[in-house]
file start-v6.cif (mmCIF, C-alpha atoms)
data_work
#
loop_
_atom_site.label_atom_id
_atom_site.label_comp_id
_atom_site.auth_asym_id
_atom_site.auth_seq_id
_atom_site.Cartn_x
_atom_site.Cartn_y
_atom_site.Cartn_z
CA LYS A 1200 -16.82 -0.30 17.81
CA TYR A 1201 -13.81 1.70 16.71
CA LEU A 1202 -11.59 2.47 19.70
CA PRO A 1203 -8.18 3.73 18.50
CA GLN A 1204 -7.49 5.58 21.76
CA ILE A 1205 -8.50 2.80 24.16
CA THR A 1206 -6.27 2.41 27.22
CA LEU A 1207 -5.16 -0.85 28.83
CA ASP A 1208 -7.35 -0.04 31.82
CA GLU A 1209 -10.41 0.23 29.57
CA LEU A 1210 -9.63 -2.87 27.53
CA PRO A 1211 -10.99 -5.59 29.90
CA ALA A 1212 -14.50 -4.16 29.86
CA GLU A 1213 -14.53 -4.19 26.05
CA LEU A 1214 -13.03 -7.67 25.75
CA ALA A 1215 -15.72 -9.09 28.00
CA THR A 1216 -18.34 -8.80 25.23
CA THR A 1217 -16.20 -8.84 22.09
CA GLN A 1218 -16.78 -11.63 19.57
CA ILE A 1219 -14.54 -10.39 16.76
CA LEU A 1220 -11.40 -8.41 17.56
CA ILE A 1221 -9.51 -6.53 14.84
CA MET A 1222 -6.11 -5.26 15.94
CA ARG A 1223 -2.89 -3.80 14.62
CA SER A 1224 0.50 -4.12 16.32
CA LYS A 1225 0.60 -1.96 19.46
CA LEU A 1226 -1.03 -4.50 21.77
CA HIS A 1227 0.53 -7.85 22.64
CA LEU A 1228 -2.55 -10.04 22.87
CA SER A 1229 -1.25 -12.50 25.43
CA ARG A 1230 -2.96 -15.43 27.09
CA GLU A 1231 -4.00 -13.11 29.95
CA TRP A 1232 -5.91 -10.81 27.60
CA ILE A 1233 -7.51 -13.67 25.66
CA GLU A 1234 -8.78 -15.20 28.91
CA GLN A 1235 -10.65 -11.95 29.56
CA ALA A 1236 -12.64 -12.38 26.32
CA PRO A 1237 -14.98 -15.34 26.94
CA GLU A 1238 -17.11 -14.62 23.85
CA LEU A 1239 -14.20 -14.13 21.46
CA GLN A 1240 -14.47 -16.13 18.23
CA VAL A 1241 -12.13 -14.41 15.76
CA ILE A 1242 -8.94 -12.35 16.07
CA GLY A 1243 -8.12 -10.41 12.93
CA ARG A 1244 -4.64 -8.93 12.54
CA LEU A 1245 -4.65 -5.87 10.26
CA GLY A 1246 -1.21 -6.72 8.89
CA SER A 1247 0.90 -9.78 8.25
CA GLY A 1248 2.89 -10.56 11.41
CA MET A 1249 1.15 -12.63 14.09
CA ASP A 1250 3.96 -12.55 16.65
CA ASN A 1251 2.06 -10.11 18.89
CA ILE A 1252 -0.77 -12.64 19.36
CA ASP A 1253 -0.62 -15.85 21.38
CA VAL A 1254 -2.03 -17.78 18.43
CA GLU A 1255 -1.43 -21.21 19.96
CA PHE A 1256 -3.43 -20.40 23.09
CA ALA A 1257 -6.19 -18.64 21.13
CA GLU A 1258 -6.68 -21.58 18.78
CA ALA A 1259 -6.66 -23.99 21.72
CA LYS A 1260 -9.61 -21.96 23.05
CA GLY A 1261 -11.41 -22.32 19.71
CA VAL A 1262 -10.65 -18.79 18.54
CA TYR A 1263 -9.81 -18.39 14.85
CA CYS A 1264 -6.80 -16.20 14.07
CA VAL A 1265 -6.55 -14.51 10.69
CA ASN A 1266 -4.22 -11.95 9.15
CA ALA A 1267 -3.93 -10.11 5.83
CA PRO A 1268 -0.45 -10.61 4.38
CA GLU A 1269 -1.83 -10.28 0.87
CA GLY A 1270 -2.62 -6.64 1.60
CA ASN A 1271 0.93 -5.31 1.97
CA ARG A 1272 2.96 -7.89 0.04
CA ASN A 1273 3.66 -5.53 -2.84
CA ALA A 1274 4.57 -2.63 -0.56
CA VAL A 1275 7.19 -4.67 1.31
CA ALA A 1276 8.56 -6.17 -1.91
CA GLU A 1277 8.90 -2.73 -3.51
CA GLN A 1278 10.77 -1.33 -0.51
CA THR A 1279 13.05 -4.37 -0.60
CA ILE A 1280 13.91 -3.58 -4.22
CA GLY A 1281 14.49 0.07 -3.35
CA MET A 1282 16.83 -0.71 -0.47
CA MET A 1283 18.63 -3.36 -2.50
CA LEU A 1284 19.34 -0.99 -5.40
CA SER A 1285 20.35 1.78 -3.00
CA MET A 1286 22.94 -0.48 -1.36
CA LEU A 1287 24.35 -1.73 -4.65
CA SER A 1288 24.76 1.77 -6.08
CA ASN A 1289 25.94 3.29 -2.77
CA VAL A 1290 23.11 5.83 -2.69
CA HIS A 1291 22.94 5.92 1.10
CA GLN A 1292 26.69 6.02 1.61
CA SER A 1293 27.38 8.67 -1.01
CA THR A 1294 24.48 10.86 0.12
CA ARG A 1295 25.90 10.91 3.64
CA GLN A 1296 29.34 11.74 2.26
CA VAL A 1297 28.08 14.58 0.09
CA SER A 1298 26.28 16.05 3.11
CA LYS A 1299 29.77 16.29 4.64
CA ARG A 1300 31.05 17.94 1.42
CA ILE A 1301 32.88 14.79 0.30
CA TRP A 1302 32.61 14.26 -3.48
CA ASP A 1303 34.12 10.82 -4.09
CA ARG A 1304 32.98 9.11 -7.29
CA LYS A 1305 35.50 6.28 -7.44
CA ALA A 1306 34.93 5.04 -3.89
CA ASN A 1307 31.19 4.88 -4.58
CA GLN A 1308 31.42 2.79 -7.72
CA GLY A 1309 28.46 0.43 -7.57
CA LEU A 1310 27.36 -3.01 -8.71
CA GLU A 1311 24.63 -3.98 -11.16
CA LEU A 1312 21.90 -6.27 -9.91
CA LYS A 1313 21.67 -8.16 -13.21
CA ASN A 1314 25.09 -9.73 -12.61
CA LEU A 1315 24.33 -10.95 -9.09
CA THR A 1316 22.53 -13.83 -7.39
CA VAL A 1317 19.74 -13.00 -4.95
CA GLY A 1318 18.70 -15.49 -2.28
CA ILE A 1319 15.17 -15.07 -0.92
CA ILE A 1320 14.56 -16.80 2.41
CA GLY A 1321 10.84 -17.14 3.00
CA TYR A 1322 8.66 -17.54 -0.08
CA GLY A 1323 5.26 -16.52 1.21
CA ASN A 1324 3.29 -13.49 0.09
CA VAL A 1325 6.19 -11.02 0.18
CA GLY A 1326 8.91 -13.42 -0.96
CA SER A 1327 6.93 -14.59 -3.99
CA ARG A 1328 6.02 -11.03 -5.00
CA LEU A 1329 9.66 -10.03 -4.64
CA GLY A 1330 10.62 -12.91 -6.94
CA GLU A 1331 8.24 -11.56 -9.57
CA LEU A 1332 9.66 -8.05 -9.33
CA LEU A 1333 13.28 -9.22 -9.44
CA SER A 1334 12.70 -11.11 -12.67
CA VAL A 1335 12.86 -7.90 -14.74
CA PHE A 1336 16.42 -7.17 -13.62
CA GLY A 1337 17.89 -10.30 -15.16
CA CYS A 1338 19.58 -11.48 -11.97
CA LYS A 1339 19.62 -15.09 -10.80
CA VAL A 1340 16.97 -15.61 -8.11
CA LEU A 1341 17.13 -18.46 -5.61
CA ALA A 1342 14.39 -19.07 -3.04
CA TYR A 1343 14.14 -21.25 0.05
CA ASP A 1344 11.17 -21.85 2.32
CA LEU A 1345 11.14 -24.25 5.24
CA PHE A 1346 7.40 -24.90 4.92
CA LYS A 1347 6.77 -24.73 1.16
CA SER A 1348 7.87 -26.73 -1.84
CA GLY A 1349 6.99 -27.01 -5.50
CA PHE A 1350 7.01 -23.26 -6.12
CA GLY A 1351 9.98 -23.07 -8.49
CA SER A 1352 9.47 -21.52 -11.92
CA SER A 1353 11.37 -20.27 -14.94
CA LEU A 1354 11.95 -17.03 -13.00
CA VAL A 1355 12.81 -18.34 -9.53
CA GLU A 1356 14.81 -21.44 -8.65
CA GLU A 1357 13.53 -23.29 -5.59
CA CYS A 1358 16.53 -24.52 -3.64
CA SER A 1359 18.00 -25.50 -0.29
CA LEU A 1360 19.30 -23.05 2.27
CA GLU A 1361 22.76 -24.46 1.62
CA LYS A 1362 22.61 -23.45 -2.04
CA ILE A 1363 21.77 -19.89 -1.07
CA GLN A 1364 24.73 -19.90 1.28
CA ASP A 1365 26.94 -21.26 -1.51
CA GLU A 1366 25.89 -18.89 -4.28
CA ALA A 1367 24.07 -15.76 -3.09
CA ASP A 1368 25.55 -12.27 -3.34
CA ILE A 1369 22.44 -10.85 -1.66
CA VAL A 1370 20.31 -12.47 1.05
CA THR A 1371 16.88 -11.01 1.79
CA LEU A 1372 14.70 -12.25 4.66
CA HIS A 1373 10.91 -12.56 4.45
CA VAL A 1374 9.99 -15.09 7.14
CA PRO A 1375 7.54 -14.88 10.05
CA LEU A 1376 9.05 -14.77 13.52
CA ASN A 1377 8.78 -18.16 15.19
CA LYS A 1378 10.95 -20.76 16.91
CA TYR A 1379 12.49 -21.75 13.58
CA SER A 1380 13.40 -18.26 12.42
CA LYS A 1381 14.48 -16.51 15.62
CA GLU A 1382 18.09 -15.34 15.12
CA MET A 1383 18.39 -17.59 12.10
CA VAL A 1384 21.00 -15.19 10.72
CA SER A 1385 23.72 -15.47 13.32
CA ALA A 1386 27.47 -16.09 13.30
CA SER A 1387 26.88 -19.71 12.28
CA PHE A 1388 24.76 -18.71 9.26
CA ILE A 1389 27.24 -16.01 8.24
CA ASP A 1390 30.20 -18.38 8.47
CA LYS A 1391 28.49 -20.73 6.02
CA MET A 1392 28.13 -18.01 3.38
CA LYS A 1393 30.77 -18.71 0.74
CA LYS A 1394 31.03 -15.10 -0.45
CA PRO A 1395 30.85 -11.68 1.19
CA PHE A 1396 27.22 -10.63 0.78
CA PHE A 1397 24.60 -7.94 1.23
CA LEU A 1398 21.86 -8.60 3.81
CA LEU A 1399 18.32 -7.25 3.92
CA ASN A 1400 15.80 -7.84 6.71
CA LEU A 1401 12.25 -6.64 6.13
CA ALA A 1402 10.70 -9.45 8.20
CA ARG A 1403 11.04 -9.15 11.99
CA GLY A 1404 13.96 -7.73 13.97
CA ALA A 1405 14.63 -10.85 16.00
CA VAL A 1406 15.23 -12.92 12.87
CA VAL A 1407 18.84 -11.66 12.96
CA ASN A 1408 21.41 -11.46 15.74
CA ILE A 1409 22.48 -7.82 15.63
CA SER A 1410 25.79 -8.35 17.46
CA ASP A 1411 26.79 -11.02 14.94
CA ILE A 1412 25.75 -8.76 12.07
CA ILE A 1413 28.02 -6.03 13.43
CA SER A 1414 30.94 -8.44 13.73
CA ALA A 1415 30.43 -9.47 10.10
CA LEU A 1416 30.32 -5.84 8.98
CA GLU A 1417 33.62 -5.24 10.75
CA SER A 1418 35.23 -8.26 9.10
CA GLU A 1419 33.60 -7.27 5.78
CA LYS A 1420 31.96 -10.67 5.39
CA ILE A 1421 28.80 -8.59 5.16
CA LYS A 1422 29.23 -5.83 2.58
CA GLY A 1423 26.11 -3.87 3.47
CA VAL A 1424 22.94 -4.16 5.54
CA ALA A 1425 19.41 -2.84 5.04
CA LEU A 1426 17.06 -3.15 8.00
CA ASP A 1427 13.43 -2.12 8.19
CA VAL A 1428 13.02 -3.81 11.57
CA LEU A 1429 14.96 -4.10 14.83
CA PRO A 1430 14.74 -6.56 17.74
CA ASN A 1431 13.64 -3.65 19.95
CA GLU A 1432 11.94 -0.83 18.06
CA LYS A 1433 11.17 1.20 21.19
CA LEU A 1434 14.25 3.39 21.02
CA ASP A 1435 13.63 4.93 24.44
CA SER A 1436 13.85 1.52 26.14
CA LEU A 1437 17.02 0.03 24.67
CA SER A 1438 19.30 -1.96 26.94
CA ASP A 1439 22.93 -0.90 27.17
CA GLU A 1440 23.92 -3.54 24.63
CA GLN A 1441 21.08 -2.61 22.30
CA GLN A 1442 22.00 1.07 22.57
CA ALA A 1443 25.64 0.34 21.72
CA ASN A 1444 24.59 -1.77 18.73
CA PHE A 1445 22.12 0.87 17.55
CA SER A 1446 24.74 3.61 17.77
CA TYR A 1447 27.14 1.52 15.70
CA LEU A 1448 24.54 0.81 13.04
CA ILE A 1449 23.35 4.39 12.56
CA ASP A 1450 26.93 5.65 12.34
CA ASN A 1451 27.91 3.09 9.68
CA GLU A 1452 27.57 4.29 6.09
CA ARG A 1453 27.10 0.70 4.91
CA VAL A 1454 23.94 0.31 6.99
CA MET A 1455 20.47 1.55 6.06
CA ILE A 1456 17.69 1.56 8.68
CA THR A 1457 14.06 2.54 8.15
CA PRO A 1458 11.41 2.64 10.92
CA HIS A 1459 9.38 -0.49 10.05
CA ILE A 1460 7.67 1.14 7.09
CA GLY A 1461 8.08 -1.68 4.57
CA GLY A 1462 4.38 -2.49 4.44
CA LEU A 1463 3.16 0.98 5.31
CA THR A 1464 1.91 2.78 2.24
CA LYS A 1465 -1.35 4.60 1.66
CA ASP A 1466 -2.21 1.91 -0.87
CA SER A 1467 -1.45 -1.02 1.42
CA TYR A 1468 -3.40 0.53 4.30
CA LYS A 1469 -6.57 0.28 2.21
CA SER A 1470 -5.67 -3.10 0.79
CA LEU A 1471 -5.04 -4.61 4.24
CA ALA A 1472 -8.47 -3.50 5.42
CA LYS A 1473 -10.16 -4.85 2.29
CA VAL A 1474 -8.46 -8.25 2.51
CA LEU A 1475 -9.13 -8.70 6.21
CA SER A 1476 -12.74 -7.52 6.04
CA GLU A 1477 -13.47 -9.94 3.21
CA LYS A 1478 -12.07 -12.84 5.23
CA VAL A 1479 -14.04 -11.91 8.34
CA LEU A 1480 -17.27 -11.33 6.42
CA LYS A 1481 -16.91 -14.71 4.73
CA TRP A 1482 -16.54 -16.32 8.15
CA ILE A 1483 -19.67 -14.54 9.39
CA LYS A 1484 -21.69 -15.67 6.36
CA THR A 1485 -20.38 -19.22 5.91
CA ASN A 1486 -18.57 -20.08 9.15
CA THR A 1487 -15.48 -20.88 7.08
CA LEU A 1488 -12.21 -19.05 7.40
CA ILE A 1489 -9.59 -19.13 4.67
CA ASN A 1490 -6.24 -17.64 5.65
#
call {"tool": "encode", "arguments": {"input": "start-v6.cif", "output": "structure tokens"}}
result
Amino acid sequence: KYLPQITLDELPAELATTQILIMRSKLHLSREWIEQAPELQVIGRLGSGMDNIDVEFAEAKGVYCVNAPEGNRNAVAEQTIGMMLSMLSNVHQSTRQVSKRIWDRKANQGLELKNLTVGIIGYGNVGSRLGELLSVFGCKVLAYDLFKSGFGSSLVEECSLEKIQDEADIVTLHVPLNKYSKEMVSASFIDKMKKPFFLLNLARGAVVNISDIISALESEKIKGVALDVLPNEKLDSLSDEQQANFSYLIDNERVMITPHIGGLTKDSYKSLAKVLSEKVLKWIKTNTLIN
């Protein structure tokens, strides 16, 4: 059944007989919803993030949870490169200035990526693809992952978080949202950075503390920010503090914000479906699930 327009009122009747549920990101599949699906065996997330699914409760009920991060890894990595280069060469800032009839070449003098050190935090599907793409620029690439080891190569140096904080000119975040990563980039993290740096977040909005990011922009400890995600992406339901922070960010020429489109390309849309369908079909045929 394909039900893109299903309402929350209609959902319980469908869940009652569903064995395999494929979903995107609009629904938060909480414990309450999972309990209304007694026949559920597999939850497939057509994307990479699993933070809108109560995975712990589902798996405790014997329900397999699977996603498809392989499907949009290249799309997110490519957007990361695009935003990174745009910040370094002041594309966003100078475009806004020119729209105001300001033609200022000297103030928009940029930096070359090949002379900088990039720190990748999170070396899963996106982080590892990003490492591959960065190799052609000749920059030094450091990578840290809390849950992985042994992935270093001639192109990417596996290291500690402390080394990234000591050496990186650019920090780019590619971690899932969980208890370890929530607001991992806060005032404490920023204070430990030895140099002023550029920050990119194409992971989940809550991985950074926006108020602390703003403070670091004001002190110039952070030289520029590129965000594809926000802690609250429903712009019509921002709290007063969130609204004040959002207004500051969109008015700042050193900040780039895109509407969570990092993994959203026509190519990745097809790839996500292919990857997830192959995983689910393998489970149906062999009762094994590789994620």
call {"tool": "closest_residue", "arguments": {"input": "start-v6.cif", "among": "A:Gln1218, A:Gln1292, A:Gln1278, A:Ser1285", "to": "A:Asn1451", "atoms": "all atoms listed in the file"}}
result
A:Gln1292
call {"tool": "residues_around", "arguments": {"input": "start-v6.cif", "residues": "A:Cys1358", "least_positions_apart": "6", "cutoff": "8 Å", "atoms": "only C-alpha atoms", "output": "list of chain:residue names"}}
result
A:Leu1341, A:Ala1342, A:Tyr1343
call {"tool": "resolve_selection", "arguments": {"input": "start-v6.cif", "expression": "the PyMOL selection byres ((chain A and resi 1230) around 8)", "output": "list of chain:residue names"}}
result
A:Leu1228, A:Ser1229, A:Glu1231, A:Trp1232, A:Ile1233, A:Glu1234, A:Asp1253, A:Phe1256, A:Ala1257
call {"tool": "resolve_selection", "arguments": {"input": "start-v6.cif", "expression": "the PyMOL selection byres ((chain A and resi 1267) around 7)", "output": "JSON, numbers by chain"}}
result
{"A": [1244, 1245, 1246, 1247, 1266, 1268, 1269, 1270, 1471, 1474, 1475]}
call {"tool": "closest_residue", "arguments": {"input": "start-v6.cif", "among": "A:Val1241, A:Thr1206, A:Leu1401, A:Ala1212", "to": "A:Leu1463", "atoms": "all atoms listed in the file"}}
result
A:Leu1401
call {"tool": "closest_residue", "arguments": {"input": "start-v6.cif", "among": "A:Glu1417, A:Glu1440, A:Asp1250, A:Asp1344", "to": "A:Glu1356", "atoms": "only C-alpha atoms"}}
result
A:Asp1344
call {"tool": "closest_residue", "arguments": {"input": "start-v6.cif", "among": "A:Met1249, A:Ile1301, A:Leu1220, A:Leu1332", "to": "A:Glu1277", "atoms": "all atoms listed in the file"}}
result
A:Leu1332
call {"tool": "atom_distance", "arguments": {"input": "start-v6.cif", "atom1": "atom CA of A:Leu1202", "atom2": "atom CA of A:Leu1480"}}
result
20.0 Å
call {"tool": "resolve_selection", "arguments": {"input": "start-v6.cif", "expression": "the PyMOL selection byres ((chain A and resi 1421-1425) around 8)", "output": "count of residues only"}}
result
21
call {"tool": "residues_around", "arguments": {"input": "start-v6.cif", "residues": "A:Ser1385", "least_positions_apart": "5", "cutoff": "7 Å", "atoms": "all atoms listed in the file", "output": "list in words"}}
result
Val1407, Asn1408 and Asp1411 of chain A
call {"tool": "write_last_selection", "arguments": {"input": "start-v6.cif", "atoms": "C-alpha atoms", "output": "CSV table (one decimal), in the frame of the given file"}}
result
chain,number,residue,atom,x,y,z
A,1407,VAL,CA,18.8,-11.7,13.0
A,1408,ASN,CA,21.4,-11.5,15.7
A,1411,ASP,CA,26.8,-11.0,14.9
call {"tool": "closest_residue", "arguments": {"input": "start-v6.cif", "among": "A:Asp1466, A:Glu1213, A:Asp1435, A:Asp1368", "to": "A:Leu1312", "atoms": "all atoms listed in the file"}}
result
A:Asp1368
call {"tool": "atom_distance", "arguments": {"input": "start-v6.cif", "atom1": "atom CA of A:Val1317", "atom2": "atom CA of A:Ser1293"}}
result
23.3 Å
call {"tool": "residues_around", "arguments": {"input": "start-v6.cif", "residues": "A:Ile1320", "least_positions_apart": "6", "cutoff": "8 Å", "atoms": "all atoms listed in the file", "output": "list in words"}}
result
Gly1326, Ala1342, Tyr1343, Asp1344, Leu1360, Val1370, Thr1371, Leu1372, His1373 and Val1374 of chain A
call {"tool": "atom_distance", "arguments": {"input": "start-v6.cif", "atom1": "atom CA of A:Ala1386", "atom2": "atom CA of A:Phe1350"}}
result
29.1 Å
call {"tool": "closest_residue", "arguments": {"input": "start-v6.cif", "among": "A:Asn1324, A:Ser1476, A:Thr1316, A:Thr1485", "to": "A:Val1265", "atoms": "only C-alpha atoms"}}
result
A:Ser1476
call {"tool": "build_atoms", "arguments": {"input": "start-v6.cif", "residues": "stretch 1322-1334 of chain A", "atoms": "N, CA and C atoms", "output": "mmCIF file, in the frame of the given file"}}
result
data_model
loop_
_atom_site.group_PDB
_atom_site.id
_atom_site.type_symbol
_atom_site.label_atom_id
_atom_site.label_comp_id
_atom_site.auth_asym_id
_atom_site.auth_seq_id
_atom_site.Cartn_x
_atom_site.Cartn_y
_atom_site.Cartn_z
ATOM 1 N N TYR A 1322 9.304 -17.750 1.215
ATOM 2 C CA TYR A 1322 8.660 -17.540 -0.080
ATOM 3 C C TYR A 1322 7.144 -17.518 0.058
ATOM 4 N N GLY A 1323 6.687 -16.721 1.027
ATOM 5 C CA GLY A 1323 5.260 -16.520 1.210
ATOM 6 C C GLY A 1323 4.775 -15.385 0.335
ATOM 7 N N ASN A 1324 3.876 -14.581 0.864
ATOM 8 C CA ASN A 1324 3.290 -13.490 0.090
ATOM 9 C C ASN A 1324 4.344 -12.488 -0.379
ATOM 10 N N VAL A 1325 5.193 -12.026 0.549
ATOM 11 C CA VAL A 1325 6.190 -11.020 0.180
ATOM 12 C C VAL A 1325 7.297 -11.641 -0.669
ATOM 13 N N GLY A 1326 7.824 -12.791 -0.240
ATOM 14 C CA GLY A 1326 8.910 -13.420 -0.960
ATOM 15 C C GLY A 1326 8.555 -13.732 -2.405
ATOM 16 N N SER A 1327 7.345 -14.238 -2.626
ATOM 17 C CA SER A 1327 6.930 -14.590 -3.990
ATOM 18 C C SER A 1327 6.720 -13.345 -4.840
ATOM 19 N N ARG A 1328 6.178 -12.286 -4.249
ATOM 20 C CA ARG A 1328 6.020 -11.030 -5.000
ATOM 21 C C ARG A 1328 7.386 -10.440 -5.331
ATOM 22 N N LEU A 1329 8.314 -10.521 -4.392
ATOM 23 C CA LEU A 1329 9.660 -10.030 -4.640
ATOM 24 C C LEU A 1329 10.298 -10.804 -5.795
ATOM 25 N N GLY A 1330 10.093 -12.119 -5.841
ATOM 26 C CA GLY A 1330 10.620 -12.910 -6.940
ATOM 27 C C GLY A 1330 10.106 -12.436 -8.288
ATOM 28 N N GLU A 1331 8.825 -12.080 -8.329
ATOM 29 C CA GLU A 1331 8.240 -11.560 -9.570
ATOM 30 C C GLU A 1331 8.908 -10.238 -9.978
ATOM 31 N N LEU A 1332 9.085 -9.351 -9.021
ATOM 32 C CA LEU A 1332 9.660 -8.050 -9.330
ATOM 33 C C LEU A 1332 11.128 -8.161 -9.745
ATOM 34 N N LEU A 1333 11.865 -9.069 -9.125
ATOM 35 C CA LEU A 1333 13.280 -9.220 -9.440
ATOM 36 C C LEU A 1333 13.501 -9.764 -10.845
ATOM 37 N N SER A 1334 12.513 -10.447 -11.381
ATOM 38 C CA SER A 1334 12.700 -11.110 -12.670
ATOM 39 C C SER A 1334 13.042 -10.114 -13.782
#
